[in-house]
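Scroll down for the structure; my scribbles are underneath it.
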Amino acid sequence: MGDVDIAKNCYTYRVVVDEAATYEDVGTQNVASGSFKWEIQWNDLDLSDTILGKGQFGEVRKGVYKGEDKHIPVAIKTLKSKATVEDKDDFNAELETMKRIGHHRNVVSLIGACEHAGQLYVALEFVTFGDLRTYLRTTRRRDKSGATHRLQPTRLMSFALDVAKGMDHLSKLGIIHRDLAARNVLLDDDLVAKVSDFGMSRGEDVYVKTSKQRVPTRWLAIESLCYSTYSTKSDVWSYAVLLWEIATLGATPYSGMVTRNLAHELSEGYRMPKPASLDNAVYHLMTECWNKNPEERPSFAHIAATFNDMISEIEHTYMDTGVYANVQFPAIEPEKDDY
Ligand code: ADP
Ligand code: MG
């Protein structure tokens, strides 16, 4: 793919894709008098041996949903056999959230779910290109001449815009994601970014965590770290960490810092410095998202509008990872990657 093609795609697909597309193409079986039913038959689901990902509580397999008219590639999420009652409750909550989300171009959609032999299978739209973090890191590789593949700034900005649009949709439905990070954003064939993994999401305006769950510490807002309080505005904080991941091509946030010091450092006012690739205006937006007062952080609608404007300024580059030809890449520390 040449740079010009990438840039062109960024603009064309926005026009071509209908944001309000319905699920009629899923197959008539699931479209009963215009309303979509989420239940699918076990016999209509083909599970392959290909494991797409493994999480803490389950796995994701590639499969096919055999609708009446056509077959649809799907990603099928299940729980491990050793799952606890709490894991099952969380998984059910994930399914309930996905039902409410419906369809949005920048959110991974639910195709349907079924229960078989006491096991819940959740079929999701299959997103072909893998997760955003892996993609960003792959572009760091140097070719034989030592040069890195230079990602088009427009491409990076469109990732940021896509995620903001997806999150704007969720926030308007009153859904808190709680695990927004580049590893949980998936890319389709056209490199459209889609928010994914609703394993920790909640449909309340403000959620106070009580159960013991995995905590993605490095992506958490200060109030989530200190008081276990979550809201759309704490998702906005995590979004800015994700933005930082984009600007650093998948570096580990606060890599030089041990996890247990994070809450203290943030309370003292520490924030990650501006990545070399980033324009001051984007860094300003980032630090607004890291305001210690959640109310003062911008909304996803504002963030999306800002990126929309920035992308249309062809003559100005807001995110240029070409600088990493001369400046060292910010560090990746796999052991601190997810928490
Ligand atoms: P977990 O809660 O275990 O982190 P995720 O929903 O993040 O589960 O899925 C784990 C991995 O499975 C992802 O990183 C991705 O590689 C793969 N995966 C998940 N959903 C899809 C999908 N809809 N299409 C393609 N791959 C997917
Ligand atoms: Mg995940």
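Identifiers in the structure tokens: chain A, B, ... in order shown; residue index from 1 per chain; ligand index from 1 in order shown.
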May I have a table of the residues of chain A lying at most 8 Å from ligand 2, giving each one's closest pair of atoms and their distance in Å to one decimal, counting only C-alpha atoms and all ligand atoms, ordered by chain and ascending residue number, as JSON lines?
{"residue": "A:Gly55", "atom": "CA", "partner": "ligand 2", "partner_atom_place_in_ligand_line": "1 (Mg)", "distance": 6.5}
{"residue": "A:Asp179", "atom": "CA", "partner": "ligand 2", "partner_atom_place_in_ligand_line": "1 (Mg)", "distance": 7.8}
{"residue": "A:Arg183", "atom": "CA", "partner": "ligand 2", "partner_atom_place_in_ligand_line": "1 (Mg)", "distance": 6.2}
{"residue": "A:Asn184", "atom": "CA", "partner": "ligand 2", "partner_atom_place_in_ligand_line": "1 (Mg)", "distance": 4.9}
{"residue": "A:Ser196", "atom": "CA", "partner": "ligand 2", "partner_atom_place_in_ligand_line": "1 (Mg)", "distance": 7.6}
{"residue": "A:Asp197", "atom": "CA", "partner": "ligand 2", "partner_atom_place_in_ligand_line": "1 (Mg)", "distance": 5.3}
{"residue": "A:Gly199", "atom": "CA", "partner": "ligand 2", "partner_atom_place_in_ligand_line": "1 (Mg)", "distance": 7.7}
Within 10 Å of ligand 1 (only C-alpha atoms and all ligand atoms), residues as an MDAnalysis selection string | chainID A and resid 51:63 73:79 91 94 107:111 122:134 179 181:188 194:200 338
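Of the listed residues A:Leu243, A:Ile222, A:Met98, A:Leu285, the one whose atoms come nearest to A:Ala305 is A:Leu285, with distances taken using only C-alpha atoms.
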Report the residues of stretch 86-133 of chain A whose backbone DSSP state falls under strand (DSSP E or B), written as an MDAnalysis selection string.
-> chainID A and resid 104 107 110:116 119:125 131
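Between atom CA of A:Asn106 and atom CA of A:Arg297 the separation is 21.8 Å.
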Looking only at alpha helix (DSSP H) from DSSP on the backbone, list the matching residues of stretch 43-195 of chain A as a PyMOL selection string.
-> chain A and resi 85-101+132-138+153-172
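Ranking A:Arg260, A:Lys165, A:Lys70, A:Arg271 by their shortest atom-to-atom distance to A:Arg105, with only C-alpha atoms included, puts A:Lys165 first.
Non-sequential neighbours of stretch 255-259 of chain A (distance at most 7 Å, separation of 2 or more positions within a chain, only C-alpha atoms) are Thr252, Pro253, Asn261, Leu262, Ala331 and Glu333 of chain A.
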Written selection (N, CA, C and O atoms) as a CSV table (one decimal), in the first residue's frame:
chain,number,residue,atom,x,y,z
A,252,THR,N,5.0,1.0,25.9
A,252,THR,CA,4.3,0.7,27.1
A,252,THR,C,4.2,1.9,28.0
A,252,THR,O,5.2,2.6,28.3
A,253,PRO,N,2.9,2.3,28.4
A,253,PRO,CA,2.8,3.5,29.2
A,253,PRO,C,3.6,3.5,30.5
A,253,PRO,O,3.6,2.4,31.1
A,261,ASN,N,3.6,2.3,42.1
A,261,ASN,CA,3.9,3.8,42.4
A,261,ASN,C,3.0,4.7,41.6
A,261,ASN,O,3.0,5.9,41.8
A,262,LEU,N,2.3,4.1,40.7
A,262,LEU,CA,1.5,4.9,39.7
A,262,LEU,C,0.5,5.9,40.4
A,262,LEU,O,0.5,7.1,40.1
A,331,ALA,N,10.1,2.9,24.9
A,331,ALA,CA,10.3,1.5,25.2
A,331,ALA,C,9.0,0.6,25.3
A,331,ALA,O,7.9,1.1,25.6
A,333,GLU,N,7.8,-2.7,27.2
A,333,GLU,CA,8.1,-3.7,28.3
A,333,GLU,C,7.0,-4.7,28.5
A,333,GLU,O,6.0,-4.4,29.2
